[in-house]
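Visitor: Contents of final_15.tsv (TSV, C-alpha atoms) are below:
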chain	number	residue	atom	x	y	z
A	1	MET	CA	62.82	-42.15	-73.86
A	2	GLU	CA	59.91	-42.08	-76.24
A	3	GLN	CA	60.00	-44.12	-79.41
A	4	HIS	CA	57.92	-43.12	-82.43
A	5	GLY	CA	58.26	-45.65	-85.25
A	6	ASN	CA	61.91	-45.51	-86.25
A	7	SER	CA	62.69	-42.29	-84.36
A	8	GLY	CA	63.13	-41.46	-80.71
A	9	THR	CA	63.26	-38.57	-78.28
A	10	LEU	CA	65.26	-38.40	-75.07
A	11	THR	CA	63.96	-35.81	-72.61
A	12	CYS	CA	65.87	-34.77	-69.49
A	13	LYS	CA	64.16	-32.62	-66.87
A	14	PHE	CA	65.84	-30.56	-64.17
A	15	SER	CA	64.48	-28.30	-61.41
A	16	ILE	CA	66.43	-25.29	-62.76
A	17	ASP	CA	66.32	-23.44	-66.07
A	18	LEU	CA	69.68	-24.23	-67.68
A	19	ARG	CA	69.48	-21.34	-70.15
A	20	GLN	CA	68.62	-18.76	-67.50
A	21	SER	CA	71.28	-19.98	-65.06
A	22	LYS	CA	73.77	-20.61	-67.91
A	23	TYR	CA	74.84	-24.00	-66.61
A	24	ASP	CA	76.77	-26.24	-68.99
A	25	PHE	CA	75.37	-29.71	-69.57
A	26	ALA	CA	76.09	-32.98	-71.31
A	27	VAL	CA	74.34	-36.19	-72.33
A	28	GLN	CA	76.41	-39.35	-72.26
A	29	ARG	CA	75.59	-42.84	-73.51
A	30	TYR	CA	76.87	-45.97	-71.82
A	31	ASP	CA	76.86	-49.12	-73.92
A	32	LEU	CA	74.65	-51.94	-72.54
A	33	VAL	CA	77.56	-54.41	-72.80
A	34	ASP	CA	80.63	-52.26	-72.06
A	35	ASP	CA	79.33	-49.61	-69.69
A	36	VAL	CA	82.77	-48.49	-68.49
A	37	THR	CA	83.54	-45.60	-70.85
A	38	PRO	CA	80.65	-43.38	-71.97
A	39	ASP	CA	80.28	-41.68	-75.33
A	40	LYS	CA	79.37	-38.00	-75.11
A	41	VAL	CA	76.48	-37.53	-77.54
A	42	LEU	CA	75.75	-33.91	-76.59
A	43	GLY	CA	77.80	-31.27	-74.84
A	44	CYS	CA	76.82	-27.60	-74.42
A	45	ILE	CA	78.92	-24.82	-72.91
A	46	PHE	CA	77.65	-21.31	-72.15
A	47	ARG	CA	80.22	-18.60	-72.90
A	48	LYS	CA	80.20	-15.32	-70.96
A	49	ASP	CA	79.63	-13.18	-74.04
A	50	SER	CA	76.79	-15.19	-75.58
A	51	GLU	CA	73.14	-15.96	-74.81
A	52	ASP	CA	73.32	-19.23	-76.74
A	53	PRO	CA	75.61	-22.09	-75.80
A	54	ASP	CA	78.16	-23.75	-78.07
A	55	CYS	CA	76.92	-27.31	-78.55
A	56	ASP	CA	78.59	-30.39	-80.01
A	57	VAL	CA	76.16	-33.08	-81.16
A	58	GLU	CA	77.25	-36.58	-82.16
A	59	ASP	CA	76.23	-37.84	-85.62
A	60	GLY	CA	72.83	-39.55	-85.56
A	61	TYR	CA	71.38	-37.12	-82.99
A	62	GLU	CA	69.63	-33.77	-83.36
A	63	PHE	CA	69.45	-30.97	-80.82
A	64	ASP	CA	67.79	-27.55	-81.02
A	65	LYS	CA	69.55	-25.25	-78.56
A	66	ASN	CA	66.63	-22.81	-78.78
A	67	THR	CA	64.58	-25.27	-76.70
A	68	ILE	CA	66.88	-25.25	-73.65
A	69	SER	CA	65.04	-24.56	-70.39
A	70	ASN	CA	64.64	-26.87	-67.41
A	71	THR	CA	64.29	-29.55	-70.09
A	72	ILE	CA	66.71	-30.77	-72.74
A	73	ILE	CA	65.32	-32.68	-75.71
A	74	LEU	CA	67.65	-34.84	-77.79
A	75	LYS	CA	66.20	-36.38	-80.94
A	76	MET	CA	67.24	-39.53	-82.76
A	77	PRO	CA	65.58	-39.26	-86.19
A	78	HIS	CA	66.61	-42.79	-87.26
A	79	LEU	CA	67.02	-45.21	-84.37
A	80	GLU	CA	69.83	-47.69	-84.86
A	81	LYS	CA	71.74	-50.22	-82.80
A	82	LYS	CA	74.37	-47.52	-82.04
A	83	HIS	CA	71.73	-45.59	-80.04
A	84	GLU	CA	71.27	-48.53	-77.65
A	85	GLY	CA	72.44	-47.93	-74.09
A	86	TRP	CA	72.00	-46.04	-70.83
A	87	TYR	CA	71.77	-42.26	-71.21
A	88	ILE	CA	72.79	-39.87	-68.48
A	89	CYS	CA	72.06	-36.15	-68.60
A	90	GLN	CA	74.38	-34.07	-66.45
A	91	VAL	CA	74.54	-30.47	-65.32
A	92	ILE	CA	78.15	-29.31	-65.08
A	93	PRO	CA	79.17	-28.81	-62.33
A	94	PRO	CA	76.65	-30.98	-60.46
A	95	LEU	CA	74.51	-28.75	-58.25
A	96	ASP	CA	72.90	-31.28	-55.95
A	97	GLU	CA	71.51	-34.80	-56.19
A	98	GLN	CA	68.28	-33.59	-57.79
A	99	ASN	CA	70.12	-31.73	-60.55
A	100	LYS	CA	73.10	-34.03	-60.91
A	101	THR	CA	71.87	-36.65	-63.36
A	102	ALA	CA	68.80	-37.95	-65.13
A	103	HIS	CA	68.87	-41.55	-66.36
A	104	CYS	CA	67.26	-43.19	-69.37
A	105	LYS	CA	67.70	-46.52	-71.18
A	106	TYR	CA	67.15	-47.48	-74.82
A	107	LYS	CA	67.32	-51.01	-76.23
A	108	HIS	CA	67.10	-51.37	-80.01
A	109	ILE	CA	64.55	-53.97	-81.13
Let me see whether you can do it: turn the structure in this file into structure tokens.

Guide:
Amino acid sequence: MEQHGNSGTLTCKFSIDLRQSKYDFAVQRYDLVDDVTPDKVLGCIFRKDSEDPDCDVEDGYEFDKNTISNTIILKMPHLEKKHEGWYICQVIPPLDEQNKTAHCKYKHI
């Protein structure tokens, strides 16, 4: 995760183009203290009749679905304590170990 002043960007990279292959994906955040139940901060589902996925984005995050490729970029325009945690990007269903998850950690200072 890159931090720029009071904003941040989480970038997940996969070996496949998610838009071209129309694989659903999600980004989940695990709290640094209670890492049992994750919060889904982004979830995108490709429908058969659409080129663009339907995406749900949690408050405090920004996502431009036009940028989907083998990379997903999730922006946090105003970093806060609630953004702290372990982030996991997942392709659904998991394809193989290389495309299963990408990990990232953010600790608010």

Visitor: With only C-alpha atoms counted and 10 Å as the cut-off, give the residues of region 44-93 of chain A in contact with region 15-30 of chain A, each with its shortest interatomic distance in Å and the pair that gives it, as a Markdown table.

Guide:
| residue | atom | partner | partner_atom | distance |
| --- | --- | --- | --- | --- |
| A:Cys44 | CA | A:Phe25 | CA | 5.5 |
| A:Ile45 | CA | A:Asp24 | CA | 4.7 |
| A:Phe46 | CA | A:Lys22 | CA | 5.8 |
| A:Arg47 | CA | A:Lys22 | CA | 8.4 |
| A:Lys48 | CA | A:Lys22 | CA | 8.9 |
| A:Ser50 | CA | A:Lys22 | CA | 9.9 |
| A:Glu51 | CA | A:Arg19 | CA | 8.0 |
| A:Asp52 | CA | A:Arg19 | CA | 7.9 |
| A:Pro53 | CA | A:Asp24 | CA | 8.1 |
| A:Asp54 | CA | A:Asp24 | CA | 9.5 |
| A:Cys55 | CA | A:Ala26 | CA | 9.2 |
| A:Asp56 | CA | A:Ala26 | CA | 9.4 |
| A:Val57 | CA | A:Val27 | CA | 9.5 |
| A:Lys65 | CA | A:Arg19 | CA | 9.3 |
| A:Asn66 | CA | A:Arg19 | CA | 9.2 |
| A:Thr67 | CA | A:Arg19 | CA | 9.1 |
| A:Ile68 | CA | A:Arg19 | CA | 5.9 |
| A:Ser69 | CA | A:Asp17 | CA | 4.6 |
| A:Asn70 | CA | A:Asp17 | CA | 4.0 |
| A:Thr71 | CA | A:Asp17 | CA | 7.6 |
| A:Ile72 | CA | A:Leu18 | CA | 8.8 |
| A:Leu74 | CA | A:Val27 | CA | 8.7 |
| A:Lys82 | CA | A:Arg29 | CA | 9.8 |
| A:His83 | CA | A:Arg29 | CA | 8.1 |
| A:Glu84 | CA | A:Arg29 | CA | 8.3 |
| A:Gly85 | CA | A:Tyr30 | CA | 5.3 |
| A:Trp86 | CA | A:Tyr30 | CA | 5.0 |
| A:Tyr87 | CA | A:Arg29 | CA | 4.5 |
| A:Ile88 | CA | A:Gln28 | CA | 5.3 |
| A:Cys89 | CA | A:Val27 | CA | 4.4 |
| A:Gln90 | CA | A:Ala26 | CA | 5.3 |
| A:Val91 | CA | A:Phe25 | CA | 4.4 |
| A:Ile92 | CA | A:Asp24 | CA | 5.2 |
| A:Pro93 | CA | A:Asp24 | CA | 7.5 |

Visitor: Next, write the just-selected residues to a file, as a short mmCIF file (atom, residue, chain, number, x, y, z; two decimals), in the frame of the given file, keeping C-alpha atoms as the atom set.

Guide:
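Below is the file that was written, again39.cif:
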data_model
loop_
_atom_site.label_atom_id
_atom_site.label_comp_id
_atom_site.auth_asym_id
_atom_site.auth_seq_id
_atom_site.Cartn_x
_atom_site.Cartn_y
_atom_site.Cartn_z
CA CYS A 44 76.82 -27.60 -74.42
CA ILE A 45 78.92 -24.82 -72.91
CA PHE A 46 77.65 -21.31 -72.15
CA ARG A 47 80.22 -18.60 -72.90
CA LYS A 48 80.20 -15.32 -70.96
CA SER A 50 76.79 -15.19 -75.58
CA GLU A 51 73.14 -15.96 -74.81
CA ASP A 52 73.32 -19.23 -76.74
CA PRO A 53 75.61 -22.09 -75.80
CA ASP A 54 78.16 -23.75 -78.07
CA CYS A 55 76.92 -27.31 -78.55
CA ASP A 56 78.59 -30.39 -80.01
CA VAL A 57 76.16 -33.08 -81.16
CA LYS A 65 69.55 -25.25 -78.56
CA ASN A 66 66.63 -22.81 -78.78
CA THR A 67 64.58 -25.27 -76.70
CA ILE A 68 66.88 -25.25 -73.65
CA SER A 69 65.04 -24.56 -70.39
CA ASN A 70 64.64 -26.87 -67.41
CA THR A 71 64.29 -29.55 -70.09
CA ILE A 72 66.71 -30.77 -72.74
CA LEU A 74 67.65 -34.84 -77.79
CA LYS A 82 74.37 -47.52 -82.04
CA HIS A 83 71.73 -45.59 -80.04
CA GLU A 84 71.27 -48.53 -77.65
CA GLY A 85 72.44 -47.93 -74.09
CA TRP A 86 72.00 -46.04 -70.83
CA TYR A 87 71.77 -42.26 -71.21
CA ILE A 88 72.79 -39.87 -68.48
CA CYS A 89 72.06 -36.15 -68.60
CA GLN A 90 74.38 -34.07 -66.45
CA VAL A 91 74.54 -30.47 -65.32
CA ILE A 92 78.15 -29.31 -65.08
CA PRO A 93 79.17 -28.81 -62.33
#

Visitor: For CA of Gly8 (chain A) and CA of Pro38 (chain A), determine how far apart the two atoms are, in Å to one decimal place.

Guide: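 Between these atoms lies a distance of 19.7 Å.
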
Visitor: Looking at A:Cys12, A:Thr37, A:Asp64, A:Asn6, which one is nearest to Lys81 (chain A), with distances taken over only C-alpha atoms?

Guide: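 Closest candidate: A:Asn6.
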
Visitor: What does the distance from CA of Leu42 (chain A) to CA of Glu58 (chain A) come to in Å, to one decimal?

Guide: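 Going from CA of Leu42 (chain A) over to CA of Glu58 (chain A), I get 6.4 Å.
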
Visitor: Could you tell me how far CA of Glu80 (chain A) sits from CA of Leu32 (chain A), in Å to one decimal place?

Guide: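 Taking CA of Leu32 (chain A) as the start and CA of Glu80 (chain A) as the end point, the length is 13.9 Å.
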